[in-house]
>>> print(open('run_4.txt').read())   # compact mmCIF, C-alpha atoms
# COMPACT_ATOMS: atom_id res chain seq x y z
CA MET G 1 0.00 0.00 0.00
CA ARG G 2 2.89 2.28 0.79
CA ASP G 3 4.21 1.87 -2.77
CA PHE G 4 0.82 2.95 -4.12
CA TYR G 5 0.88 6.22 -2.16
CA LEU G 6 4.46 6.91 -3.15
CA SER G 7 3.69 6.39 -6.84
CA LEU G 8 0.83 8.89 -6.58
CA LEU G 9 3.05 11.48 -5.01
CA ARG G 10 5.77 11.04 -7.59
CA GLN G 11 3.48 11.93 -10.49
CA PRO G 12 3.32 15.66 -11.21
CA LEU G 13 -0.03 17.28 -10.60
CA ARG G 14 0.19 19.26 -13.83
CA GLN G 15 2.29 18.62 -16.84
CA ALA G 16 3.74 21.21 -19.17
CA PRO G 17 1.62 21.74 -22.26
CA ASP G 18 2.46 19.13 -24.76
CA SER G 19 2.75 19.84 -28.42
CA GLN G 20 0.06 17.37 -29.47
CA SER G 21 -2.86 18.14 -27.21
CA GLY G 22 -1.99 21.68 -26.23
CA THR G 23 -3.91 21.20 -22.98
CA GLY G 24 -1.16 20.62 -20.45
CA ASP G 25 -3.41 18.51 -18.24
CA GLY G 26 -1.86 15.25 -19.42
CA GLY G 27 -5.30 13.75 -19.32
CA GLY G 28 -5.11 12.54 -22.86
CA ALA G 29 -7.71 14.96 -24.12
CA PRO G 30 -8.36 14.50 -27.81
CA PRO G 31 -6.52 16.94 -30.03
CA ALA G 32 -8.48 19.91 -31.26
CA ASP G 33 -10.12 19.64 -34.68
CA PRO G 34 -7.84 20.79 -37.47
CA PRO G 35 -8.70 24.15 -38.97
CA PRO G 36 -11.20 23.91 -41.82
CA ALA G 37 -9.74 23.58 -45.28
CA ASP G 38 -9.90 26.57 -47.56
CA PRO G 39 -13.13 26.59 -49.56
CA PRO G 40 -12.75 25.78 -53.24
CA PRO G 41 -12.20 28.86 -55.37
CA ALA G 42 -15.30 30.44 -56.84
CA PRO G 43 -15.77 29.85 -60.57
CA LYS G 44 -14.63 32.62 -62.84
CA TRP G 45 -17.34 34.92 -64.21
CA TRP G 46 -17.49 33.11 -67.53
CA GLN G 47 -17.57 29.63 -65.96
CA GLY G 48 -20.79 30.21 -64.03
CA SER G 49 -24.18 28.78 -64.81
CA ASP G 50 -25.08 31.93 -66.79
CA TYR G 51 -23.16 30.55 -69.79
CA SER G 52 -23.55 27.22 -71.56
CA ALA G 53 -20.52 25.07 -72.39
CA GLU G 54 -20.77 26.24 -76.00
CA GLU G 55 -20.77 29.90 -74.93
CA GLN G 56 -17.80 29.28 -72.63
CA GLN G 57 -15.90 27.76 -75.56
CA TRP G 58 -16.81 30.76 -77.71
CA LEU G 59 -15.54 33.18 -75.04
CA THR G 60 -12.32 31.19 -74.69
CA ALA G 61 -11.73 31.05 -78.46
CA ARG G 62 -12.03 34.83 -78.68
CA GLY G 63 -9.70 35.55 -75.78
CA LEU G 64 -12.47 36.97 -73.58
CA THR G 65 -11.84 34.75 -70.55
CA GLU G 66 -10.02 37.37 -68.52
CA ASP G 67 -10.08 37.03 -64.73
CA ASP G 68 -11.54 40.52 -64.56
CA PRO G 69 -14.61 40.87 -66.80
CA VAL G 70 -13.95 44.60 -67.13
CA LYS G 71 -10.80 43.71 -69.13
CA ALA G 72 -12.94 41.74 -71.61
CA LEU G 73 -15.45 44.56 -72.02
CA PRO G 74 -13.49 46.63 -74.62
CA LYS G 75 -13.12 43.54 -76.84
CA LEU G 76 -16.84 42.82 -76.59
CA VAL G 77 -17.82 46.41 -77.41
CA LYS G 78 -15.45 46.59 -80.39
CA GLY G 79 -16.65 43.22 -81.70
CA HIS G 80 -20.31 44.14 -81.39
CA ARG G 81 -19.76 47.51 -83.06
CA ALA G 82 -17.81 45.91 -85.92
CA ALA G 83 -20.62 43.38 -86.45
CA GLU G 84 -23.24 46.13 -86.59
CA GLN G 85 -21.16 48.13 -89.08
CA ARG G 86 -20.59 45.08 -91.26
CA ILE G 87 -24.23 44.01 -91.24
CA GLY G 88 -25.50 47.54 -91.68
CA LYS G 89 -29.01 46.66 -90.57
CA GLY G 90 -30.63 45.08 -87.58
CA LEU G 91 -30.59 41.29 -87.59
CA ASP G 92 -34.34 41.20 -88.13
CA SER G 93 -34.04 43.14 -91.38
CA ILE G 94 -30.92 41.74 -93.05
CA ILE G 95 -32.96 40.38 -95.95
CA ASP G 96 -35.93 42.31 -97.27
CA LYS G 97 -39.18 40.38 -97.42
CA PRO G 98 -40.59 39.62 -100.86
CA ALA G 99 -42.76 42.37 -102.31
CA LYS G 100 -46.52 41.84 -102.20
CA ASP G 101 -46.89 40.14 -105.61
CA GLN G 102 -43.23 39.19 -106.17
CA PRO G 103 -42.77 35.50 -107.06
CA PHE G 104 -40.67 33.56 -104.56
CA ALA G 105 -38.19 32.37 -107.22
CA GLU G 106 -37.45 35.97 -108.22
CA TRP G 107 -37.03 37.02 -104.59
CA ALA G 108 -34.74 34.04 -103.88
CA ARG G 109 -32.62 34.86 -106.96
CA ALA G 110 -32.24 38.45 -105.78
CA ASN G 111 -31.14 37.27 -102.34
CA ALA G 112 -29.14 34.22 -103.43
CA ALA G 113 -25.89 35.35 -101.81
CA ALA G 114 -27.53 36.11 -98.46
CA LEU G 115 -29.41 32.80 -98.57
CA GLY G 116 -26.29 30.82 -99.47
CA LEU G 117 -27.70 29.72 -102.83
>>> encode(input="run_4.txt", output="structure tokens")
Amino acid sequence: MRDFYLSLLRQPLRQAPDSQSGTGDGGGAPPADPPPADPPPAPKWWQGSDYSAEEQQWLTARGLTEDDPVKALPKLVKGHRAAEQRIGKGLDSIIDKPAKDQPFAEWARANAAALGL
């Protein structure tokens, strides 16, 4: 019995903080949870659900996939303006409709290039 009391007295009441538990109580407390992992990076503006895969490929092919969408804006404005100047009309009026009594064949012949004929 004497040995039991002596062994109790020989053990320190408090231990120095140990590097694994960080508690210092020596009680074998479980280590603290590791810090949460960094969240995955947010998708770039052009990779979001606003654009289909085809549109994302189009943006990439034209060099518009800048990290900052403001950097892509001048290219978009210049491209849109150039398209309007080249077309010369609104998309809904690129080809004139056939005249009231104009035969279709005559109208198609007149617009063969625009129709790809």
>>> closest_residue(input="run_4.txt", among="G:Tyr51, G:Gln85, G:Trp45, G:Pro40", to="Asp68 of chain G", atoms="only C-alpha atoms")
G:Trp45
>>> residues_around(input="run_4.txt", residues="Asp67 of chain G", least_positions_apart="4", cutoff="10 Å", atoms="only C-alpha atoms", output="ChimeraX atom specification")
/G:44-46,71-72
>>> atom_distance(input="run_4.txt", atom1="atom CA of Ala99 of chain G", atom2="atom CA of Ala114 of chain G")
16.9 Å
>>> atom_distance(input="run_4.txt", atom1="atom CA of Leu59 of chain G", atom2="atom CA of Leu73 of chain G")
11.8 Å
>>> atom_distance(input="run_4.txt", atom1="atom CA of Glu84 of chain G", atom2="atom CA of Lys97 of chain G")
20.1 Å
>>> build_atoms(input="run_4.txt", residues="segment 71-82 of chain G", atoms="all heavy atoms", output="PDB file, in the coordinates of the input")
ATOM      1  N   LYS G  71     -11.860  43.761 -68.113  1.00  0.00           N
ATOM      2  CA  LYS G  71     -10.800  43.710 -69.130  1.00  0.00           C
ATOM      3  C   LYS G  71     -11.341  43.155 -70.449  1.00  0.00           C
ATOM      4  O   LYS G  71     -10.827  43.473 -71.509  1.00  0.00           O
ATOM      5  CB  LYS G  71      -9.634  42.865 -68.648  1.00  0.00           C
ATOM      6  CG  LYS G  71      -8.835  43.518 -67.547  1.00  0.00           C
ATOM      7  CD  LYS G  71      -7.652  42.654 -67.164  1.00  0.00           C
ATOM      8  CE  LYS G  71      -6.848  43.287 -66.059  1.00  0.00           C
ATOM      9  NZ  LYS G  71      -5.717  42.442 -65.666  1.00  0.00           N
ATOM     10  N   ALA G  72     -12.358  42.319 -70.396  1.00  0.00           N
ATOM     11  CA  ALA G  72     -12.940  41.740 -71.610  1.00  0.00           C
ATOM     12  C   ALA G  72     -13.922  42.694 -72.274  1.00  0.00           C
ATOM     13  O   ALA G  72     -14.219  42.564 -73.464  1.00  0.00           O
ATOM     14  CB  ALA G  72     -13.645  40.421 -71.275  1.00  0.00           C
ATOM     15  N   LEU G  73     -14.421  43.659 -71.520  1.00  0.00           N
ATOM     16  CA  LEU G  73     -15.450  44.560 -72.020  1.00  0.00           C
ATOM     17  C   LEU G  73     -15.050  45.329 -73.285  1.00  0.00           C
ATOM     18  O   LEU G  73     -15.833  45.378 -74.239  1.00  0.00           O
ATOM     19  CB  LEU G  73     -15.881  45.524 -70.911  1.00  0.00           C
ATOM     20  CG  LEU G  73     -17.149  46.307 -71.151  1.00  0.00           C
ATOM     21  CD1 LEU G  73     -18.324  45.389 -71.410  1.00  0.00           C
ATOM     22  CD2 LEU G  73     -17.437  47.199 -69.948  1.00  0.00           C
ATOM     23  N   PRO G  74     -13.849  45.919 -73.379  1.00  0.00           N
ATOM     24  CA  PRO G  74     -13.490  46.630 -74.620  1.00  0.00           C
ATOM     25  C   PRO G  74     -13.533  45.725 -75.855  1.00  0.00           C
ATOM     26  O   PRO G  74     -13.982  46.140 -76.914  1.00  0.00           O
ATOM     27  CB  PRO G  74     -12.078  47.139 -74.351  1.00  0.00           C
ATOM     28  CG  PRO G  74     -11.959  47.202 -72.871  1.00  0.00           C
ATOM     29  CD  PRO G  74     -12.818  46.092 -72.354  1.00  0.00           C
ATOM     30  N   LYS G  75     -13.083  44.478 -75.704  1.00  0.00           N
ATOM     31  CA  LYS G  75     -13.120  43.540 -76.840  1.00  0.00           C
ATOM     32  C   LYS G  75     -14.557  43.258 -77.255  1.00  0.00           C
ATOM     33  O   LYS G  75     -14.864  43.176 -78.443  1.00  0.00           O
ATOM     34  CB  LYS G  75     -12.420  42.235 -76.471  1.00  0.00           C
ATOM     35  CG  LYS G  75     -10.928  42.366 -76.267  1.00  0.00           C
ATOM     36  CD  LYS G  75     -10.346  41.024 -75.873  1.00  0.00           C
ATOM     37  CE  LYS G  75      -8.888  41.128 -75.505  1.00  0.00           C
ATOM     38  NZ  LYS G  75      -8.342  39.839 -75.070  1.00  0.00           N
ATOM     39  N   LEU G  76     -15.432  43.095 -76.279  1.00  0.00           N
ATOM     40  CA  LEU G  76     -16.840  42.820 -76.590  1.00  0.00           C
ATOM     41  C   LEU G  76     -17.493  44.004 -77.297  1.00  0.00           C
ATOM     42  O   LEU G  76     -18.218  43.831 -78.275  1.00  0.00           O
ATOM     43  CB  LEU G  76     -17.606  42.498 -75.308  1.00  0.00           C
ATOM     44  CG  LEU G  76     -17.316  41.141 -74.688  1.00  0.00           C
ATOM     45  CD1 LEU G  76     -17.914  41.056 -73.286  1.00  0.00           C
ATOM     46  CD2 LEU G  76     -17.869  40.042 -75.566  1.00  0.00           C
ATOM     47  N   VAL G  77     -17.225  45.211 -76.809  1.00  0.00           N
ATOM     48  CA  VAL G  77     -17.820  46.410 -77.410  1.00  0.00           C
ATOM     49  C   VAL G  77     -17.321  46.576 -78.843  1.00  0.00           C
ATOM     50  O   VAL G  77     -18.111  46.817 -79.767  1.00  0.00           O
ATOM     51  CB  VAL G  77     -17.506  47.662 -76.562  1.00  0.00           C
ATOM     52  CG1 VAL G  77     -17.874  48.930 -77.302  1.00  0.00           C
ATOM     53  CG2 VAL G  77     -18.232  47.581 -75.227  1.00  0.00           C
ATOM     54  N   LYS G  78     -16.016  46.431 -79.037  1.00  0.00           N
ATOM     55  CA  LYS G  78     -15.450  46.590 -80.390  1.00  0.00           C
ATOM     56  C   LYS G  78     -15.991  45.526 -81.341  1.00  0.00           C
ATOM     57  O   LYS G  78     -16.306  45.823 -82.493  1.00  0.00           O
ATOM     58  CB  LYS G  78     -13.928  46.534 -80.323  1.00  0.00           C
ATOM     59  CG  LYS G  78     -13.325  47.762 -79.676  1.00  0.00           C
ATOM     60  CD  LYS G  78     -11.825  47.632 -79.519  1.00  0.00           C
ATOM     61  CE  LYS G  78     -11.274  48.842 -78.769  1.00  0.00           C
ATOM     62  NZ  LYS G  78      -9.842  48.724 -78.511  1.00  0.00           N
ATOM     63  N   GLY G  79     -16.118  44.292 -80.859  1.00  0.00           N
ATOM     64  CA  GLY G  79     -16.650  43.220 -81.700  1.00  0.00           C
ATOM     65  C   GLY G  79     -18.103  43.443 -82.069  1.00  0.00           C
ATOM     66  O   GLY G  79     -18.496  43.242 -83.222  1.00  0.00           O
ATOM     67  N   HIS G  80     -18.886  43.886 -81.122  1.00  0.00           N
ATOM     68  CA  HIS G  80     -20.310  44.140 -81.390  1.00  0.00           C
ATOM     69  C   HIS G  80     -20.457  45.309 -82.370  1.00  0.00           C
ATOM     70  O   HIS G  80     -21.269  45.248 -83.302  1.00  0.00           O
ATOM     71  CB  HIS G  80     -21.039  44.454 -80.081  1.00  0.00           C
ATOM     72  CG  HIS G  80     -22.510  44.588 -80.237  1.00  0.00           C
ATOM     73  ND1 HIS G  80     -23.340  43.494 -80.280  1.00  0.00           N
ATOM     74  CD2 HIS G  80     -23.299  45.678 -80.389  1.00  0.00           C
ATOM     75  CE1 HIS G  80     -24.575  43.911 -80.430  1.00  0.00           C
ATOM     76  NE2 HIS G  80     -24.590  45.229 -80.500  1.00  0.00           N
ATOM     77  N   ARG G  81     -19.685  46.340 -82.160  1.00  0.00           N
ATOM     78  CA  ARG G  81     -19.760  47.510 -83.060  1.00  0.00           C
ATOM     79  C   ARG G  81     -19.340  47.130 -84.479  1.00  0.00           C
ATOM     80  O   ARG G  81     -19.979  47.526 -85.461  1.00  0.00           O
ATOM     81  CB  ARG G  81     -18.867  48.618 -82.519  1.00  0.00           C
ATOM     82  CG  ARG G  81     -18.989  49.891 -83.295  1.00  0.00           C
ATOM     83  CD  ARG G  81     -18.370  51.052 -82.517  1.00  0.00           C
ATOM     84  NE  ARG G  81     -18.496  52.245 -83.307  1.00  0.00           N
ATOM     85  CZ  ARG G  81     -17.493  52.797 -83.993  1.00  0.00           C
ATOM     86  NH1 ARG G  81     -16.288  52.275 -83.935  1.00  0.00           N
ATOM     87  NH2 ARG G  81     -17.689  53.871 -84.713  1.00  0.00           N
ATOM     88  N   ALA G  82     -18.261  46.339 -84.595  1.00  0.00           N
ATOM     89  CA  ALA G  82     -17.810  45.910 -85.920  1.00  0.00           C
ATOM     90  C   ALA G  82     -18.876  45.061 -86.612  1.00  0.00           C
ATOM     91  O   ALA G  82     -19.100  45.198 -87.820  1.00  0.00           O
ATOM     92  CB  ALA G  82     -16.506  45.119 -85.800  1.00  0.00           C
TER      93      ALA G  82
END
